[in-house]
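Worksheet for the structure shown next.
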Amino acid sequence: MIEIRGLEKFYGSLQVLKGIDLDVPNGEVLSIIGASGSGKSTLLYCINALEAIEAGSVVVDGIDVHAKGTDINALRQKLGMVFQQWNSFPHLTTLQNVALAPQIVKGKSKAESREIAARQLEHVGLGDKFDVYPSALSGGQQQRLAIARALAMEPEYMLFDEATSALDPELVGEVLDTMRLLAEEGMTMICVTHEMSFARDVSDRVAFFHQGVIEEIDTPAEIFGSPKSEHLQKFLSNIR
Amino acid sequence: MEPTASFFFDFRISDLWFLAEAAWRTLLISTLSITIGTALGVVFGWMLFEGRWAAVLILGPLLDVFRSVPLIIQLVLFYNFAPIIGLILDPFLSGVVILSIYCAALVANVARGGMEAVSPSMRRAARSLGMSYWQDLRYVVLPIGTRAVFPSWVGVALGVMKDSALVSVLGYVELLKASQILITRTQEPLLILTIAGAFYFALSYPISRYAASLEKRWAS
Ligand SMILES: Nc1ncnc2c1ncn2[C@@H]1O[C@H](COP(=O)(O)OP(=O)(O)OP(=O)(O)O)[C@@H](O)[C@H]1O
Ligand SMILES: [Mg+2]
């Protein structure tokens, strides 16, 4: 379970998150939508401490993420993250990309790491690409590689930051399908997304961000069917 | 009157050996300086990259000095002033010290460039997998950065090898100094400079070839 209380984040004098309260129970798929610059990515970075916070707290499975003395590298293994830029390690083959972290972070043997990597690559449909370098993969394949790389750490939560935004339209589907597969397997997911169909069809709840606050959070049916806040209504009508 | 034929053919096999030995000394001093200089330079480059105030205020300007003052002046000054602070170094060691620092100053910039070539987003991805700062540096930044700036580093290394000729001003008999000695004796500058040039080429060509093959392998 992820519990966020009164979270505030500043970049210099700019307040990007203005008191976020949010609980994400295990097994839930939460989509986050909202205009550019509203603080969606920043929230994800604060959840796995890629960014420090100024006030409030983030607690994951009872562990205070931002407390002094928290083993953040251990905690991050619970929180897989996939970015807009797919960030494949260009000097490693597909299999090595996925096997690296299990080997050096978890200290697994080389053989075992490769086994895990092979399994996760099969999982995301890259079973025939073990020995190619990322430069030979399409954007969609590289993003699935990034998902496999995160899954290889056996996380309990997955954070997706606009995983499909940098992709050519014809490649979006394969990545969304992979995310849908994870959701069906019961993974707890927080997905910042501009894909309204994904938010509507796959998530249990949708949160609408507006200028650093969660302005509305509800089931997809409510958010898309009868949006209450004016900003959300405007946001949705701009998208359609 | 006896014609002194030997005057024109004074270049003996033993002279070739003399040149080969000198080439070995060039190789020795260059390899040592490039190795030490590169190791130091990567650390300096990392400090500049991290941008702590000490690095910015002290290290940066200091390296600028070593990069911009002509090497020959650095060598002579160091060789003559080192004894004052109690450092008695022979020409070879003085050469290694100055060439290493000079090489480090050049490599620092190259190394910083390499680290800057790795996007913050890539590093976040590495950290999000649970890698520590040092694991990220070792397994992600170093290999990616190295590939990005490797050609520049090869340029620096070959430059330092050629510049090692300047250590001859301290009396270290490396390839260029040896050539001068032979030219004075045999009066055959063209022959001897051609041979010396061939030696320099023989020293650097394998490095260039090896570098090119590495780059090709990385490009795949
Ligand atoms: N490292 C940073 N330094 C300073 N300001 C930043 C930094 N990162 C983000 N910001 C600012 O914080 C605000 C929120 O950014 P954030 O990336 O969280 O928005 P977002 O909702 O993810 O938008 P997008 O849909 O464009 O990704 C923006 O105004 C942005 O300019
Ligand atoms: Mg964003």
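Starting from 1 in every chain, residues are counted up; chains themselves are A, B, ... following the order of the structure tokens, and ligands are numbered from 1 as listed.
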Residues of chain A at most 6 Å from ligand 1: nearest atom pair and distance in Å, only C-alpha atoms and all ligand atoms, as JSON lines:
```
{"residue": "A:Tyr11", "atom": "CA", "partner": "ligand 1", "partner_atom_place_in_ligand_line": "4 (C)", "distance": 4.8}
{"residue": "A:Val16", "atom": "CA", "partner": "ligand 1", "partner_atom_place_in_ligand_line": "13 (C)", "distance": 5.2}
{"residue": "A:Ala35", "atom": "CA", "partner": "ligand 1", "partner_atom_place_in_ligand_line": "25 (O)", "distance": 5.9}
{"residue": "A:Ser36", "atom": "CA", "partner": "ligand 1", "partner_atom_place_in_ligand_line": "25 (O)", "distance": 3.5}
{"residue": "A:Gly37", "atom": "CA", "partner": "ligand 1", "partner_atom_place_in_ligand_line": "19 (O)", "distance": 3.5}
{"residue": "A:Ser38", "atom": "CA", "partner": "ligand 1", "partner_atom_place_in_ligand_line": "21 (O)", "distance": 3.9}
{"residue": "A:Gly39", "atom": "CA", "partner": "ligand 1", "partner_atom_place_in_ligand_line": "18 (O)", "distance": 3.2}
{"residue": "A:Lys40", "atom": "CA", "partner": "ligand 1", "partner_atom_place_in_ligand_line": "21 (O)", "distance": 3.8}
{"residue": "A:Ser41", "atom": "CA", "partner": "ligand 1", "partner_atom_place_in_ligand_line": "22 (O)", "distance": 3.6}
{"residue": "A:Thr42", "atom": "CA", "partner": "ligand 1", "partner_atom_place_in_ligand_line": "18 (O)", "distance": 3.7}
```
Report as a tab-separated table: every residue of chain A with an atom at most 6 Å from chain B, its closest pair of atoms, and their distance in Å to one decimal, counting only C-alpha atoms, with rows sorted by chain and ascending residue number.
```
residue	atom	partner	partner_atom	distance
A:Asn73	CA	B:Gly130	CA	4.4
A:Arg76	CA	B:Gly130	CA	5.1
A:Gln77	CA	B:Gly130	CA	5.4
A:Asn87	CA	B:Met122	CA	5.1
A:Val105	CA	B:Met131	CA	5.9
```
For the selection just defined, write its residues with N, CA and C atoms to a file, as a tab-separated table (two decimals), in the first residue's frame.
```tsv
chain	number	residue	atom	x	y	z
A	73	ASN	N	17.75	2.44	-1.73
A	73	ASN	CA	18.03	1.52	-2.84
A	73	ASN	C	17.26	0.21	-2.68
A	76	ARG	N	13.51	1.12	-3.50
A	76	ARG	CA	13.23	1.32	-4.94
A	76	ARG	C	13.02	0.00	-5.67
A	77	GLN	N	13.55	-1.09	-5.11
A	77	GLN	CA	13.33	-2.38	-5.76
A	77	GLN	C	11.87	-2.79	-5.73
A	87	ASN	N	15.10	4.98	-22.23
A	87	ASN	CA	16.32	4.83	-21.44
A	87	ASN	C	16.94	3.44	-21.45
A	105	VAL	N	22.42	-5.35	-8.15
A	105	VAL	CA	21.69	-4.78	-7.01
A	105	VAL	C	21.24	-5.89	-6.06
```
_Could you check the closest approach to ligand 2 for each of A:Arg114, A:His194, A:Lys228, A:Arg5 and tell me which residue wins, using only C-alpha atoms and all ligand atoms?_
A:His194
*asked:* Nearest residue to ligand 2 out of A:Gly34, A:Gly173, A:Pro227, A:Gly139, using only C-alpha atoms and all ligand atoms?
replied: A:Gly34
_Length of the CA of Lys18 (chain A) to CA of Ala163 (chain A) vector [Å]_ =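 A separation of 24.7 Å between them.
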*Atomic separation - CA of Thr93 (chain A) relative to CA of Glu115 (chain A), Å*: 14.5 Å
*For ligand 2, which residue among A:Glu122, A:Pro90, A:Tyr157, A:Cys191 is the nearest when counting only C-alpha atoms and all ligand atoms?*
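Smallest distance to ligand 2 is found for A:Cys191.
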*Skipping near chain neighbours, those fewer than 2 positions away, what residues fall within 12 Å of Glu216 (chain A) using only C-alpha atoms, listed as a PyMOL selection string?*
chain A and resi 20-22+31-34+205-210+213-214+218-220+222-224+226-233
File dump, residues just selected, N, CA and C atoms, as a PDB file, in the first residue's frame:
```
ATOM      1  N   ILE A  20      -0.590  16.871  -1.395  1.00  0.00           N
ATOM      2  CA  ILE A  20      -1.250  15.732  -2.025  1.00  0.00           C
ATOM      3  C   ILE A  20      -1.581  14.690  -0.956  1.00  0.00           C
ATOM      4  N   ASP A  21      -2.825  14.242  -0.927  1.00  0.00           N
ATOM      5  CA  ASP A  21      -3.223  13.106  -0.085  1.00  0.00           C
ATOM      6  C   ASP A  21      -3.746  12.022  -1.009  1.00  0.00           C
ATOM      7  N   LEU A  22      -3.167  10.845  -0.888  1.00  0.00           N
ATOM      8  CA  LEU A  22      -3.550   9.791  -1.820  1.00  0.00           C
ATOM      9  C   LEU A  22      -3.194   8.432  -1.239  1.00  0.00           C
ATOM     10  N   SER A  31      -4.924   5.729 -12.644  1.00  0.00           N
ATOM     11  CA  SER A  31      -4.414   6.577 -13.721  1.00  0.00           C
ATOM     12  C   SER A  31      -4.408   8.015 -13.257  1.00  0.00           C
ATOM     13  N   ILE A  32      -3.373   8.743 -13.663  1.00  0.00           N
ATOM     14  CA  ILE A  32      -3.305  10.165 -13.342  1.00  0.00           C
ATOM     15  C   ILE A  32      -3.349  10.945 -14.643  1.00  0.00           C
ATOM     16  N   ILE A  33      -4.327  11.832 -14.744  1.00  0.00           N
ATOM     17  CA  ILE A  33      -4.421  12.669 -15.930  1.00  0.00           C
ATOM     18  C   ILE A  33      -4.334  14.132 -15.491  1.00  0.00           C
ATOM     19  N   GLY A  34      -4.112  15.008 -16.452  1.00  0.00           N
ATOM     20  CA  GLY A  34      -4.014  16.426 -16.116  1.00  0.00           C
ATOM     21  C   GLY A  34      -3.131  17.146 -17.110  1.00  0.00           C
ATOM     22  N   ARG A 205      -9.321   3.575 -10.638  1.00  0.00           N
ATOM     23  CA  ARG A 205      -9.639   4.962 -10.307  1.00  0.00           C
ATOM     24  C   ARG A 205      -8.805   5.875 -11.204  1.00  0.00           C
ATOM     25  N   VAL A 206      -9.314   7.085 -11.379  1.00  0.00           N
ATOM     26  CA  VAL A 206      -8.591   8.086 -12.155  1.00  0.00           C
ATOM     27  C   VAL A 206      -8.456   9.334 -11.300  1.00  0.00           C
ATOM     28  N   ALA A 207      -7.216   9.885 -11.246  1.00  0.00           N
ATOM     29  CA  ALA A 207      -7.010  11.137 -10.506  1.00  0.00           C
ATOM     30  C   ALA A 207      -6.737  12.253 -11.501  1.00  0.00           C
ATOM     31  N   PHE A 208      -7.425  13.377 -11.310  1.00  0.00           N
ATOM     32  CA  PHE A 208      -7.197  14.527 -12.187  1.00  0.00           C
ATOM     33  C   PHE A 208      -6.352  15.565 -11.446  1.00  0.00           C
ATOM     34  N   PHE A 209      -5.197  15.860 -11.999  1.00  0.00           N
ATOM     35  CA  PHE A 209      -4.271  16.834 -11.412  1.00  0.00           C
ATOM     36  C   PHE A 209      -4.522  18.202 -12.007  1.00  0.00           C
ATOM     37  N   HIS A 210      -4.528  19.201 -11.120  1.00  0.00           N
ATOM     38  CA  HIS A 210      -4.614  20.569 -11.637  1.00  0.00           C
ATOM     39  C   HIS A 210      -3.735  21.467 -10.773  1.00  0.00           C
ATOM     40  N   VAL A 213      -2.484  20.066  -7.328  1.00  0.00           N
ATOM     41  CA  VAL A 213      -3.395  19.388  -6.405  1.00  0.00           C
ATOM     42  C   VAL A 213      -4.201  18.342  -7.169  1.00  0.00           C
ATOM     43  N   ILE A 214      -4.685  17.327  -6.407  1.00  0.00           N
ATOM     44  CA  ILE A 214      -5.607  16.371  -7.015  1.00  0.00           C
ATOM     45  C   ILE A 214      -6.979  17.006  -6.929  1.00  0.00           C
ATOM     46  N   ASP A 218     -11.783   9.603  -8.753  1.00  0.00           N
ATOM     47  CA  ASP A 218     -13.001   8.786  -8.708  1.00  0.00           C
ATOM     48  C   ASP A 218     -12.858   7.623  -9.693  1.00  0.00           C
ATOM     49  N   THR A 219     -13.937   6.848  -9.828  1.00  0.00           N
ATOM     50  CA  THR A 219     -13.923   5.769 -10.809  1.00  0.00           C
ATOM     51  C   THR A 219     -13.899   6.376 -12.211  1.00  0.00           C
ATOM     52  N   PRO A 220     -13.411   5.628 -13.200  1.00  0.00           N
ATOM     53  CA  PRO A 220     -13.404   6.156 -14.567  1.00  0.00           C
ATOM     54  C   PRO A 220     -14.799   6.570 -15.015  1.00  0.00           C
ATOM     55  N   GLU A 222     -17.235   7.840 -13.316  1.00  0.00           N
ATOM     56  CA  GLU A 222     -17.567   9.158 -12.782  1.00  0.00           C
ATOM     57  C   GLU A 222     -16.727  10.255 -13.434  1.00  0.00           C
ATOM     58  N   ILE A 223     -15.403  10.011 -13.509  1.00  0.00           N
ATOM     59  CA  ILE A 223     -14.493  11.036 -14.045  1.00  0.00           C
ATOM     60  C   ILE A 223     -14.858  11.385 -15.481  1.00  0.00           C
ATOM     61  N   PHE A 224     -15.090  10.355 -16.286  1.00  0.00           N
ATOM     62  CA  PHE A 224     -15.356  10.629 -17.706  1.00  0.00           C
ATOM     63  C   PHE A 224     -16.843  10.844 -17.975  1.00  0.00           C
ATOM     64  N   SER A 226     -19.390  11.889 -15.535  1.00  0.00           N
ATOM     65  CA  SER A 226     -19.953  13.104 -14.958  1.00  0.00           C
ATOM     66  C   SER A 226     -18.881  13.865 -14.170  1.00  0.00           C
ATOM     67  N   PRO A 227     -17.962  14.470 -14.888  1.00  0.00           N
ATOM     68  CA  PRO A 227     -16.910  15.251 -14.220  1.00  0.00           C
ATOM     69  C   PRO A 227     -17.524  16.417 -13.465  1.00  0.00           C
ATOM     70  N   LYS A 228     -17.015  16.642 -12.225  1.00  0.00           N
ATOM     71  CA  LYS A 228     -17.625  17.699 -11.410  1.00  0.00           C
ATOM     72  C   LYS A 228     -16.881  19.019 -11.526  1.00  0.00           C
ATOM     73  N   SER A 229     -15.542  18.943 -11.440  1.00  0.00           N
ATOM     74  CA  SER A 229     -14.822  20.220 -11.434  1.00  0.00           C
ATOM     75  C   SER A 229     -14.821  20.849 -12.825  1.00  0.00           C
ATOM     76  N   GLU A 230     -14.842  22.153 -12.819  1.00  0.00           N
ATOM     77  CA  GLU A 230     -14.867  22.908 -14.059  1.00  0.00           C
ATOM     78  C   GLU A 230     -13.603  22.641 -14.882  1.00  0.00           C
ATOM     79  N   HIS A 231     -12.465  22.591 -14.167  1.00  0.00           N
ATOM     80  CA  HIS A 231     -11.191  22.372 -14.857  1.00  0.00           C
ATOM     81  C   HIS A 231     -11.164  21.024 -15.570  1.00  0.00           C
ATOM     82  N   LEU A 232     -11.707  20.020 -14.881  1.00  0.00           N
ATOM     83  CA  LEU A 232     -11.728  18.690 -15.486  1.00  0.00           C
ATOM     84  C   LEU A 232     -12.641  18.673 -16.714  1.00  0.00           C
ATOM     85  N   GLN A 233     -13.773  19.327 -16.594  1.00  0.00           N
ATOM     86  CA  GLN A 233     -14.685  19.385 -17.743  1.00  0.00           C
ATOM     87  C   GLN A 233     -13.989  20.026 -18.937  1.00  0.00           C
TER      88      GLN A 233
END
```
_Nearest to ligand 2 by atom-to-atom distance, counting only C-alpha atoms and all ligand atoms, from A:Thr70, A:Asn238, A:Ser165, A:Gln96_ =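 Nearest candidate to ligand 2 out of A:Thr70, A:Asn238, A:Ser165, A:Gln96: A:Ser165.
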*Using DSSP on the backbone, list every residue of region 28-141 of chain A that comes out as strand (DSSP E), and give them as a ChimeraX atom specification.*
/A:29-34,55-60,63-64,79-82
*Between B:Val118, B:Leu158, B:Ala108, B:Leu27, single out the one closest to Ala39 (chain B), counting only C-alpha atoms.*
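Answer, going by the shortest atom-to-atom distance: B:Ala108.
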_I need the residue nearest His66 (chain A) from this list: A:Val98, A:Ala111, A:Met1, A:Cys46. Use only C-alpha atoms for the distance._
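Closest to His66 (chain A) of all the choices is A:Cys46.
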